[in-house]
file start-v2.txt (compact mmCIF, C-alpha atoms)
# COMPACT_ATOMS: atom_id res chain seq x y z
CA MET A 1 -3.76 8.71 -5.13
CA LEU A 2 -4.25 9.74 -1.49
CA TYR A 3 -5.41 6.26 -0.52
CA PHE A 4 -2.64 4.63 -2.57
CA SER A 5 -0.11 6.83 -0.75
CA CYS A 6 -1.62 5.87 2.60
CA ILE A 7 -1.22 2.15 1.95
CA THR A 8 2.31 2.79 0.65
CA VAL A 9 3.56 4.53 3.80
CA VAL A 10 1.73 2.07 6.06
CA TYR A 11 3.69 -0.80 4.50
CA MET A 12 6.92 1.16 4.74
CA LEU A 13 6.27 1.57 8.47
CA ARG A 14 5.40 -2.11 8.84
CA LEU A 15 8.39 -3.48 6.96
CA ASN A 16 11.16 -1.04 7.90
CA LEU A 17 12.09 -3.39 10.74
CA THR A 18 12.38 -6.43 8.46
CA LEU A 19 15.77 -5.38 7.08
CA ALA A 20 16.74 -3.13 9.98
CA VAL A 21 16.68 -6.13 12.33
CA VAL A 22 19.57 -7.56 10.30
CA ALA A 23 21.43 -4.24 10.13
CA MET A 24 21.10 -3.36 13.82
CA THR A 25 22.70 -6.64 14.88
CA THR A 26 25.69 -6.15 12.55
CA SER A 27 26.22 -2.40 13.05
CA THR A 28 29.55 -1.40 14.58
CA ASP A 29 28.38 2.01 15.81
CA LYS A 30 24.84 1.42 17.06
CA ASN A 31 24.75 -2.31 17.65
CA VAL A 32 21.65 -3.88 19.16
CA PRO A 33 22.38 -7.53 20.02
CA LEU A 34 19.36 -9.75 19.34
CA SER A 35 19.22 -13.52 19.61
CA PRO A 36 17.33 -15.52 16.92
CA ALA A 37 14.42 -15.90 19.34
CA GLU A 38 14.36 -12.14 20.02
CA LYS A 39 14.44 -11.44 16.28
CA ALA A 40 11.37 -13.61 15.84
CA LEU A 41 9.59 -11.79 18.66
CA VAL A 42 10.33 -8.27 17.40
CA LEU A 43 9.35 -9.18 13.84
CA SER A 44 5.98 -10.52 14.94
CA SER A 45 5.30 -7.97 17.70
CA LEU A 46 3.48 -5.48 15.46
CA PHE A 47 0.72 -8.05 15.03
CA TRP A 48 0.29 -8.78 18.74
CA GLY A 49 -1.97 -5.78 19.16
CA TYR A 50 -3.05 -5.45 15.53
CA GLY A 51 -6.40 -7.16 15.93
CA THR A 52 -7.38 -5.64 19.28
CA LEU A 53 -9.03 -2.41 18.11
CA GLN A 54 -9.74 -3.09 14.42
CA THR A 55 -13.48 -3.48 14.81
CA ILE A 56 -13.73 -0.54 17.22
CA LEU A 57 -11.69 1.78 15.01
CA GLY A 58 -13.50 0.61 11.87
CA ASN A 59 -16.89 1.24 13.43
CA LEU A 60 -15.69 4.59 14.81
CA GLY A 61 -14.72 5.71 11.30
CA ARG A 62 -18.01 4.42 9.88
CA LYS A 63 -20.08 6.38 12.39
CA THR A 64 -17.95 9.57 12.55
CA ASN A 65 -15.23 10.57 10.06
CA ALA A 66 -13.26 7.77 8.39
CA VAL A 67 -10.73 10.19 6.88
CA ARG A 68 -9.70 11.60 10.25
CA VAL A 69 -9.52 8.20 11.95
CA LEU A 70 -7.37 6.88 9.09
CA ALA A 71 -5.09 9.95 9.12
CA TYR A 72 -4.57 9.88 12.89
CA CYS A 73 -3.75 6.16 12.78
CA ILE A 74 -1.02 6.85 10.22
CA LEU A 75 0.25 9.90 12.13
CA ILE A 76 0.61 8.01 15.42
CA SER A 77 2.32 5.12 13.60
CA SER A 78 4.82 7.54 12.05
CA ILE A 79 5.69 9.06 15.45
CA LEU A 80 6.26 5.56 16.83
CA SER A 81 8.56 4.80 13.89
CA LEU A 82 10.64 7.87 14.77
CA ALA A 83 10.86 6.61 18.36
CA THR A 84 12.01 3.08 17.41
CA PRO A 85 15.80 3.73 17.26
CA PHE A 86 15.80 5.28 20.74
CA ALA A 87 13.73 2.41 22.13
CA ALA A 88 16.01 -0.18 20.50
CA ILE A 89 19.31 1.37 21.65
CA GLN A 90 18.14 2.11 25.19
CA PHE A 91 15.99 -0.94 25.93
CA GLY A 92 16.92 -3.56 23.32
CA ALA A 93 14.34 -6.13 22.24
CA VAL A 94 11.86 -5.05 24.94
CA GLY A 95 11.88 -1.45 23.70
CA ILE A 96 11.30 -2.49 20.09
CA ILE A 97 8.48 -4.82 21.07
CA VAL A 98 6.66 -2.16 23.10
CA VAL A 99 6.82 0.36 20.25
CA ARG A 100 5.75 -2.18 17.64
CA VAL A 101 2.84 -3.49 19.72
CA VAL A 102 1.45 0.04 20.12
CA MET A 103 2.01 0.66 16.41
CA GLY A 104 0.10 -2.52 15.63
CA ILE A 105 -2.84 -1.42 17.78
CA THR A 106 -2.89 1.93 15.96
CA GLN A 107 -2.62 0.39 12.50
CA GLY A 108 -5.67 -1.73 13.23
CA GLY A 109 -7.74 1.21 12.00
CA ILE A 110 -6.08 1.48 8.58
CA TYR A 111 -7.78 -1.15 6.45
CA PRO A 112 -11.29 -1.03 7.98
CA ASN A 113 -11.48 2.72 7.34
CA MET A 114 -9.93 2.35 3.91
CA ASN A 115 -12.79 0.01 3.06
CA ASN A 116 -15.29 2.46 4.57
CA LEU A 117 -13.97 5.16 2.25
CA LEU A 118 -13.70 2.99 -0.86
CA SER A 119 -17.32 1.88 -0.44
CA MET A 120 -18.32 5.55 -0.65
CA TRP A 121 -16.05 6.53 -3.54
CA VAL A 122 -15.80 3.50 -5.84
CA VAL A 123 -18.75 3.21 -8.24
CA PRO A 124 -19.68 -0.26 -9.56
CA GLN A 125 -18.18 0.49 -12.99
CA GLU A 126 -14.77 1.03 -11.39
CA LYS A 127 -14.68 -1.71 -8.74
CA THR A 128 -12.29 -3.81 -10.82
CA VAL A 129 -9.86 -0.89 -11.14
CA LEU A 130 -9.80 1.54 -8.21
CA GLY A 131 -9.80 -0.92 -5.30
CA PRO A 132 -6.90 -2.98 -6.68
CA PHE A 133 -5.07 0.23 -7.65
CA VAL A 134 -5.21 1.47 -4.05
CA TYR A 135 -4.07 -1.89 -2.68
CA ASN A 136 -1.13 -1.92 -5.09
CA GLY A 137 0.32 0.48 -2.52
CA MET A 138 1.22 -2.66 -0.54
CA ALA A 139 3.65 -3.70 -3.25
CA PHE A 140 4.98 -0.18 -3.81
CA GLY A 141 5.48 0.43 -0.08
CA THR A 142 7.22 -2.92 0.34
CA PHE A 143 9.46 -2.19 -2.65
CA VAL A 144 10.46 1.25 -1.37
CA ALA A 145 11.04 -0.09 2.15
CA MET A 146 13.25 -2.94 0.97
CA ILE A 147 15.39 -1.07 -1.55
CA ALA A 148 15.72 2.09 0.55
CA SER A 149 16.45 0.22 3.79
CA GLY A 150 19.53 -1.50 2.40
CA TYR A 151 20.95 1.77 1.04
CA LEU A 152 20.16 3.75 4.19
CA ALA A 153 21.57 1.10 6.53
CA GLU A 154 24.79 0.87 4.53
CA ASN A 155 25.37 4.62 4.17
CA PHE A 156 23.67 6.27 7.17
CA ASP A 157 23.28 3.38 9.66
CA TRP A 158 20.02 1.63 10.48
CA PRO A 159 18.22 4.39 12.51
CA SER A 160 17.81 6.38 9.28
CA ILE A 161 15.46 3.62 8.03
CA PHE A 162 12.93 4.51 10.73
CA TYR A 163 13.45 8.28 10.49
CA SER A 164 12.88 8.46 6.73
CA SER A 165 9.73 6.31 6.71
CA GLY A 166 8.36 8.16 9.74
CA ILE A 167 8.80 11.61 8.19
CA LEU A 168 7.24 10.49 4.90
CA ALA A 169 4.24 9.05 6.75
CA ILE A 170 3.72 12.35 8.61
CA ILE A 171 3.59 14.17 5.27
CA VAL A 172 1.03 11.71 3.85
CA SER A 173 -1.20 11.86 6.95
CA GLY A 174 -1.15 15.67 6.75
CA ALA A 175 -2.12 15.57 3.07
CA LEU A 176 -4.97 13.18 3.88
CA LEU A 177 -6.31 15.48 6.62
CA TYR A 178 -6.17 18.47 4.28
CA PHE A 179 -7.47 16.96 1.03
CA GLY A 180 -9.40 13.86 2.09
CA LYS A 181 -13.21 13.67 2.10
CA CYS A 182 -15.48 10.93 3.42
CA SER A 183 -17.81 10.91 0.41
CA PRO A 184 -18.43 12.73 -2.91
CA SER A 185 -21.12 14.88 -1.31
CA ASP A 186 -18.52 16.22 1.18
CA HIS A 187 -16.20 17.36 -1.62
CA LYS A 188 -16.78 21.05 -2.38
CA GLY A 189 -14.66 21.00 -5.52
CA ILE A 190 -16.44 18.13 -7.29
CA SER A 191 -18.37 19.00 -10.45
CA LYS A 192 -22.15 18.71 -10.51
CA GLU A 193 -21.93 16.26 -13.42
CA GLU A 194 -19.53 13.92 -11.61
CA LEU A 195 -21.50 14.12 -8.37
CA GLU A 196 -24.73 13.28 -10.19
CA PHE A 197 -23.04 10.39 -12.00
CA MET A 198 -21.71 8.96 -8.73
CA ARG A 199 -25.06 9.31 -6.98
CA ASN A 200 -26.82 7.52 -9.82
CA SER A 201 -24.18 4.79 -9.87
CA LEU A 202 -24.12 4.22 -6.10
CA GLY A 203 -27.93 4.27 -5.82
CA ASP A 204 -29.30 4.71 -2.31
CA ARG A 205 -25.91 4.35 -0.69
CA SER A 206 -24.89 7.43 1.29
CA ILE A 207 -22.57 8.31 4.14
CA GLU A 208 -25.58 9.22 6.29
CA THR A 209 -27.20 5.83 5.73
CA MET A 210 -23.97 3.97 6.48
CA ARG A 211 -23.51 5.89 9.73
CA LYS A 212 -27.02 5.13 10.98
CA LEU A 213 -27.16 1.39 10.28
CA PRO A 214 -26.65 -0.91 13.29
CA VAL A 215 -24.15 -3.71 12.68
CA PRO A 216 -25.94 -7.10 12.15
CA TRP A 217 -23.26 -9.07 14.00
CA LYS A 218 -25.20 -12.32 14.28
CA LYS A 219 -25.84 -12.46 10.53
CA ILE A 220 -22.26 -11.49 9.73
CA LEU A 221 -20.72 -14.09 12.03
CA THR A 222 -22.98 -16.87 10.70
CA SER A 223 -22.65 -15.91 7.02
CA VAL A 224 -21.00 -18.65 4.91
CA PRO A 225 -19.44 -16.14 2.47
CA VAL A 226 -17.95 -14.17 5.39
CA ILE A 227 -16.58 -17.34 7.04
CA THR A 228 -15.09 -18.40 3.71
CA LEU A 229 -13.55 -14.98 3.22
CA THR A 230 -12.08 -15.16 6.71
CA ILE A 231 -10.44 -18.54 6.06
CA THR A 232 -9.00 -17.33 2.76
CA HIS A 233 -7.71 -14.14 4.38
CA TRP A 234 -6.10 -16.13 7.20
CA CYS A 235 -4.32 -18.51 4.84
CA ASN A 236 -3.07 -15.71 2.61
CA SER A 237 -1.73 -13.79 5.63
CA TRP A 238 0.23 -16.84 6.78
CA GLY A 239 1.92 -17.21 3.40
CA TYR A 240 2.47 -13.50 2.75
CA TRP A 241 3.88 -12.47 6.13
CA THR A 242 5.99 -15.59 6.58
CA ILE A 243 7.77 -14.96 3.30
CA SER A 244 7.89 -11.15 3.62
CA SER A 245 9.31 -11.25 7.14
CA LEU A 246 11.82 -14.03 6.59
CA THR A 247 13.05 -13.38 3.03
CA PRO A 248 15.97 -11.14 4.16
CA THR A 249 16.98 -13.78 6.75
CA TYR A 250 16.79 -16.55 4.14
CA MET A 251 18.89 -14.55 1.68
CA ASN A 252 21.42 -13.76 4.37
CA GLY A 253 21.62 -17.26 5.87
CA VAL A 254 21.22 -19.55 2.84
CA LEU A 255 22.19 -17.38 -0.13
CA HIS A 256 24.89 -15.46 1.82
CA PHE A 257 24.18 -11.92 0.62
CA ASP A 258 25.30 -8.85 2.59
CA VAL A 259 22.89 -6.26 4.00
CA GLU A 260 22.90 -3.86 1.02
CA SER A 261 22.55 -6.71 -1.52
CA ASP A 262 19.97 -8.27 0.79
CA GLY A 263 17.90 -5.10 0.63
CA PHE A 264 18.18 -4.86 -3.15
CA LEU A 265 17.28 -8.51 -3.73
CA SER A 266 14.46 -8.33 -1.18
CA SER A 267 13.04 -5.42 -3.15
CA LEU A 268 12.69 -7.48 -6.34
CA PRO A 269 9.51 -9.36 -5.25
CA PRO A 270 7.56 -6.17 -4.40
CA LEU A 271 8.80 -4.49 -7.59
CA THR A 272 7.52 -7.48 -9.54
CA SER A 273 4.26 -7.28 -7.57
CA LEU A 274 3.87 -3.62 -8.45
CA LEU A 275 4.46 -4.20 -12.18
CA LEU A 276 2.19 -7.25 -12.23
CA GLY A 277 -0.43 -5.35 -10.22
CA VAL A 278 -0.63 -2.68 -12.92
CA PHE A 279 -0.64 -5.35 -15.65
CA PHE A 280 -3.34 -7.44 -13.94
CA THR A 281 -5.50 -4.36 -13.40
CA LEU A 282 -5.28 -3.43 -17.07
CA ILE A 283 -6.17 -6.99 -18.07
CA SER A 284 -9.13 -7.00 -15.67
CA MET A 285 -10.44 -3.84 -17.33
CA LYS A 286 -10.31 -5.54 -20.72
CA ILE A 287 -12.04 -8.75 -19.63
CA ARG A 288 -14.57 -7.42 -17.13
CA ASN A 289 -17.39 -7.81 -19.65
CA LEU A 290 -16.27 -11.28 -20.75
CA MET A 291 -17.00 -13.12 -17.50
CA PRO A 292 -19.12 -12.65 -14.36
CA PRO A 293 -17.39 -10.86 -11.44
CA LEU A 294 -17.41 -14.08 -9.38
CA TYR A 295 -15.49 -16.08 -11.98
CA ALA A 296 -13.06 -13.20 -12.43
CA LYS A 297 -12.37 -13.20 -8.69
CA PHE A 298 -11.89 -16.97 -8.72
CA MET A 299 -9.40 -16.65 -11.57
CA TRP A 300 -7.35 -13.84 -10.03
CA ASN A 301 -7.34 -15.35 -6.56
CA SER A 302 -6.15 -18.69 -7.95
CA ILE A 303 -3.36 -16.98 -9.86
CA GLY A 304 -2.27 -15.25 -6.66
CA MET A 305 -2.52 -18.05 -4.10
CA TYR A 306 -1.98 -21.19 -6.21
CA GLY A 307 0.80 -19.40 -8.10
CA SER A 308 2.60 -18.46 -4.89
CA ALA A 309 2.17 -21.99 -3.53
CA LEU A 310 3.68 -23.52 -6.68
CA ALA A 311 6.70 -21.22 -6.47
CA LEU A 312 7.24 -22.15 -2.80
CA ILE A 313 7.06 -25.87 -3.56
CA VAL A 314 9.73 -25.59 -6.26
CA LEU A 315 11.81 -23.26 -4.04
CA ALA A 316 11.79 -25.89 -1.30
CA TYR A 317 13.78 -28.28 -3.51
CA THR A 318 16.14 -25.98 -5.40
CA GLN A 319 19.69 -25.24 -4.34
CA ASP A 320 20.62 -22.88 -7.16
CA LYS A 321 20.90 -19.24 -6.02
CA THR A 322 19.67 -17.72 -9.25
CA ILE A 323 16.65 -20.02 -9.45
CA ALA A 324 15.90 -19.40 -5.76
CA ILE A 325 15.87 -15.63 -6.24
CA ALA A 326 13.72 -16.00 -9.38
CA LEU A 327 11.21 -18.18 -7.50
CA ILE A 328 11.02 -15.81 -4.51
CA THR A 329 10.52 -12.91 -6.90
CA ALA A 330 7.88 -14.69 -8.99
CA GLY A 331 6.05 -16.26 -6.05
CA SER A 332 5.80 -13.05 -4.05
CA GLY A 333 5.16 -10.95 -7.14
CA ILE A 334 2.27 -12.98 -8.48
CA SER A 335 0.51 -12.88 -5.10
CA ILE A 336 -0.59 -9.32 -5.96
CA ALA A 337 -3.40 -10.92 -7.99
CA ILE A 338 -5.33 -11.43 -4.74
CA ASN A 339 -6.12 -7.68 -4.85
CA LEU A 340 -8.48 -8.58 -7.69
CA GLY A 341 -9.70 -11.59 -5.72
CA PHE A 342 -10.67 -11.90 -2.05
CA GLN A 343 -8.93 -8.66 -0.98
CA THR A 344 -11.68 -6.48 -2.46
CA ASN A 345 -14.51 -8.96 -1.92
CA HIS A 346 -15.73 -7.26 1.27
CA ILE A 347 -17.16 -4.32 -0.69
CA TYR A 348 -19.11 -6.74 -2.90
CA LEU A 349 -20.61 -8.63 0.03
CA SER A 350 -21.70 -5.52 1.92
CA PRO A 351 -20.91 -1.94 0.82
CA ASN A 352 -22.49 -0.54 4.00
CA PHE A 353 -20.40 -2.75 6.30
CA ALA A 354 -17.26 -3.19 4.18
CA GLY A 355 -15.05 -1.73 6.91
CA ILE A 356 -16.64 -3.91 9.57
CA LEU A 357 -16.22 -7.04 7.42
CA TYR A 358 -12.58 -6.25 6.76
CA SER A 359 -11.91 -5.53 10.42
CA PHE A 360 -13.34 -8.95 11.30
CA THR A 361 -11.55 -11.03 8.65
CA ASN A 362 -8.31 -9.10 9.14
CA SER A 363 -8.45 -9.49 12.94
CA VAL A 364 -8.72 -13.26 12.55
CA ALA A 365 -6.04 -13.30 9.83
CA ASN A 366 -3.82 -11.35 12.20
CA PHE A 367 -3.20 -14.54 14.20
CA ALA A 368 -1.65 -16.06 11.07
CA SER A 369 0.54 -12.96 10.74
CA ILE A 370 1.80 -13.59 14.28
CA PHE A 371 2.15 -17.35 14.34
CA GLY A 372 3.33 -17.79 10.74
CA PRO A 373 6.71 -16.04 11.22
CA LEU A 374 7.01 -17.32 14.81
CA ILE A 375 6.44 -20.97 13.95
CA SER A 376 8.59 -20.67 10.84
CA THR A 377 11.44 -19.16 12.87
CA TYR A 378 11.06 -21.96 15.41
CA LEU A 379 11.34 -24.53 12.63
CA VAL A 380 14.48 -22.84 11.28
CA LYS A 381 16.95 -23.22 14.14
CA ASP A 382 19.91 -22.82 11.76
CA ILE A 383 19.29 -20.10 9.14
CA GLY A 384 21.83 -21.75 6.86
CA ASN A 385 20.08 -25.14 6.87
CA VAL A 386 18.24 -25.68 3.57
CA ASN A 387 16.25 -28.66 4.88
CA GLU A 388 14.72 -26.59 7.69
CA TRP A 389 13.70 -23.87 5.24
CA ARG A 390 12.11 -26.58 3.08
CA VAL A 391 9.64 -27.40 5.86
CA VAL A 392 8.72 -23.70 6.15
CA PHE A 393 8.12 -23.31 2.41
CA LEU A 394 6.06 -26.51 2.05
CA LEU A 395 3.93 -25.63 5.08
CA SER A 396 3.18 -22.17 3.68
CA ALA A 397 2.36 -23.64 0.26
CA THR A 398 -0.10 -26.12 1.78
CA ILE A 399 -1.89 -23.38 3.71
CA LEU A 400 -2.15 -21.19 0.59
CA VAL A 401 -3.65 -24.05 -1.43
CA PHE A 402 -6.20 -24.80 1.29
CA GLY A 403 -7.28 -21.15 1.55
CA ASN A 404 -7.86 -20.64 -2.15
CA THR A 405 -9.68 -23.97 -2.51
CA CYS A 406 -12.16 -22.85 0.16
CA PHE A 407 -12.70 -19.59 -1.74
CA LEU A 408 -13.40 -21.50 -4.98
CA PHE A 409 -16.03 -23.67 -3.29
CA TRP A 410 -17.89 -21.13 -1.16
CA GLY A 411 -16.86 -17.64 -2.24
CA THR A 412 -19.39 -15.22 -3.78
CA THR A 413 -19.71 -11.63 -5.01
CA LYS A 414 -23.44 -11.39 -4.27
CA THR A 415 -24.42 -8.51 -1.97
CA GLN A 416 -25.80 -10.10 1.18
CA GLU A 417 -29.38 -9.50 2.28
CA TRP A 418 -28.24 -8.13 5.66
CA ASN A 419 -26.39 -5.26 3.94
CA GLU A 420 -29.56 -3.15 4.18
CA GLY A 421 -31.70 -5.54 6.20
CA GLU A 422 -32.82 -3.03 8.81
CA ILE A 423 -33.75 -0.44 6.18
CA GLU A 424 -35.79 -2.96 4.19
CA LYS A 425 -37.52 -4.12 7.38
CA GLU A 426 -38.49 -0.53 8.29
CA GLN A 427 -39.77 0.12 4.76
CA ALA A 428 -41.85 -3.06 4.85
CA GLU A 429 -43.41 -2.05 8.16
call {"tool": "encode", "arguments": {"input": "start-v2.txt", "output": "structure tokens"}}
result
Amino acid sequence: MLYFSCITVVYMLRLNLTLAVVAMTTSTDKNVPLSPAEKALVLSSLFWGYGTLQTILGNLGRKTNAVRVLAYCILISSILSLATPFAAIQFGAVGIIVVRVVMGITQGGIYPNMNNLLSMWVVPQEKTVLGPFVYNGMAFGTFVAMIASGYLAENFDWPSIFYSSGILAIIVSGALLYFGKCSPSDHKGISKEELEFMRNSLGDRSIETMRKLPVPWKKILTSVPVITLTITHWCNSWGYWTISSLTPTYMNGVLHFDVESDGFLSSLPPLTSLLLGVFFTLISMKIRNLMPPLYAKFMWNSIGMYGSALALIVLAYTQDKTIAIALITAGSGISIAINLGFQTNHIYLSPNFAGILYSFTNSVANFASIFGPLISTYLVKDIGNVNEWRVVFLLSATILVFGNTCFLFWGTTKTQEWNEGEIEKEQAE
């Protein structure tokens, strides 16, 4: 629940600007004039620095205390969220960009350290449940951000969007510092029976071993499964962040909904994701003994990425508002299936370096998070032009199809030999 809450508030902090950027340009009291080009820049600015320190922060958590690194990353992000309204009103687009870039650098430590912690806490019997459950916080955080932002902007003006998410994130980071532990052996309140069960299930894996192992960078960077995972991650990030960032703009420009309705309708996809995430997790529990883990990952990843691509293709050619909203909701919602696919594949490939692997694939995928919304915004010069949006949707669909196809051909769940290569070499000597 702690880790789920962490992912939830992180996504609230990431996406609070998505709807606020519409509200701040239409506000009569605290108006911040932003051109379409400036909107594109501020929406993508969080990702400019996102990949810079991921590997460093991930390795820092692996070698020291992943809980504290994770908590401090969330705490600093929350303070920056509280500072965003001042920066926007006083310095306009430049102020927002500076705050978001620093926030992006800080949030680079979130996912690598989350993977460090999950590799220590999730036993093999629960891999199909606990990892996806934690990552369902993405959908929940997005849902809360979207539905709350519209209400807050309409009733308390747009700065309240940043204040509320910032305060909530401070509370969660405090709870993580107080209750969080790096491994079962660090938890004083755990029962002897549960600790023994987890030790038997995890085998030789321990926090001490993970901290001592040197990172086999050459083997990681030349590993076919890691390269495949990186391509899949990149393609998924392009599709996800393009749609997540631009959905409110599309609904406002093409479907002509106001800010409050925009926030409510934009919250439907993450709500659907959350419900489907719970449903998919329950199904995965039922079928985990019916097929090998690799085939299960292929199935779920295809549902998520091919399903989203299909919805985007149909959306590109529909002009009916109701159908468009249904397709956006279904396409974004079904993408949650990737949590049971490539999203949790890093722990399978290398439990000892799960955080390092995620920091690498996520750093590369970060470029898609930047250029996806930027290029899409460049292609859409008139937000009311359906034909320009069609190009954006078809491009995203093509990239999603390519990414999942690569995963089907070269993806694997086999733990790589370099996971404990140095240990095995020492034992052999």
call {"tool": "atom_distance", "arguments": {"input": "start-v2.txt", "atom1": "CA of Gly174 (chain A)", "atom2": "CA of Ala71 (chain A)"}}
result
7.3 Å
call {"tool": "atom_distance", "arguments": {"input": "start-v2.txt", "atom1": "CA of Tyr306 (chain A)", "atom2": "CA of Val254 (chain A)"}}
result
25.0 Å
call {"tool": "atom_distance", "arguments": {"input": "start-v2.txt", "atom1": "CA of Val122 (chain A)", "atom2": "CA of Met12 (chain A)"}}
result
25.2 Å
call {"tool": "closest_residue", "arguments": {"input": "start-v2.txt", "among": "A:Ile375, A:Met114, A:Val94, A:Met146", "to": "Leu17 (chain A)", "atoms": "all atoms listed in the file"}}
result
A:Met146
call {"tool": "closest_residue", "arguments": {"input": "start-v2.txt", "among": "A:Gly253, A:Gly141, A:Pro36, A:Gly51", "to": "Leu374 (chain A)", "atoms": "all atoms listed in the file"}}
result
A:Pro36
call {"tool": "closest_atom_pairs", "arguments": {"input": "start-v2.txt", "of": "region 233-295 of chain A", "to": "region 315-324 of chain A", "cutoff": "10 Å", "atoms": "only C-alpha atoms", "output": "Markdown table"}}
result
| residue | atom | partner | partner_atom | distance |
| --- | --- | --- | --- | --- |
| A:Met251 | CA | A:Lys321 | CA | 9.2 |
| A:Val254 | CA | A:Lys321 | CA | 8.9 |
| A:Leu255 | CA | A:Lys321 | CA | 6.3 |
| A:His256 | CA | A:Lys321 | CA | 9.6 |
call {"tool": "closest_residue", "arguments": {"input": "start-v2.txt", "among": "A:Asn236, A:Ser191, A:Asn362, A:Thr249", "to": "Val401 (chain A)", "atoms": "only C-alpha atoms"}}
result
A:Asn236
call {"tool": "closest_residue", "arguments": {"input": "start-v2.txt", "among": "A:Trp158, A:Phe360, A:Trp418, A:Tyr111", "to": "Pro216 (chain A)", "atoms": "all atoms listed in the file"}}
result
A:Trp418
call {"tool": "closest_residue", "arguments": {"input": "start-v2.txt", "among": "A:Ile147, A:Ile207, A:Arg62, A:Ile231", "to": "Leu271 (chain A)", "atoms": "all atoms listed in the file"}}
result
A:Ile147
call {"tool": "closest_residue", "arguments": {"input": "start-v2.txt", "among": "A:His346, A:Thr232, A:Tyr151, A:Ser359", "to": "Leu265 (chain A)", "atoms": "only C-alpha atoms"}}
result
A:Tyr151
call {"tool": "residues_around", "arguments": {"input": "start-v2.txt", "residues": "Leu70 (chain A)", "least_positions_apart": "4", "cutoff": "8 Å", "atoms": "all atoms listed in the file", "output": "list in words"}}
result
Gly61, Ala66, Ile74, Gly109, Ile110, Asn113 and Met114 of chain A
call {"tool": "residues_around", "arguments": {"input": "start-v2.txt", "residues": "Asn419 (chain A)", "least_positions_apart": "5", "cutoff": "7 Å", "atoms": "all atoms listed in the file", "output": "number ranges by chain"}}
result
A: 350, 352-353
call {"tool": "residues_around", "arguments": {"input": "start-v2.txt", "residues": "Met120 (chain A)", "least_positions_apart": "6", "cutoff": "12 Å", "atoms": "all atoms listed in the file", "output": "ChimeraX atom specification"}}
result
/A:62,66-67,113-114,127,131,181-186,195,198-199,201-211,347,350-355
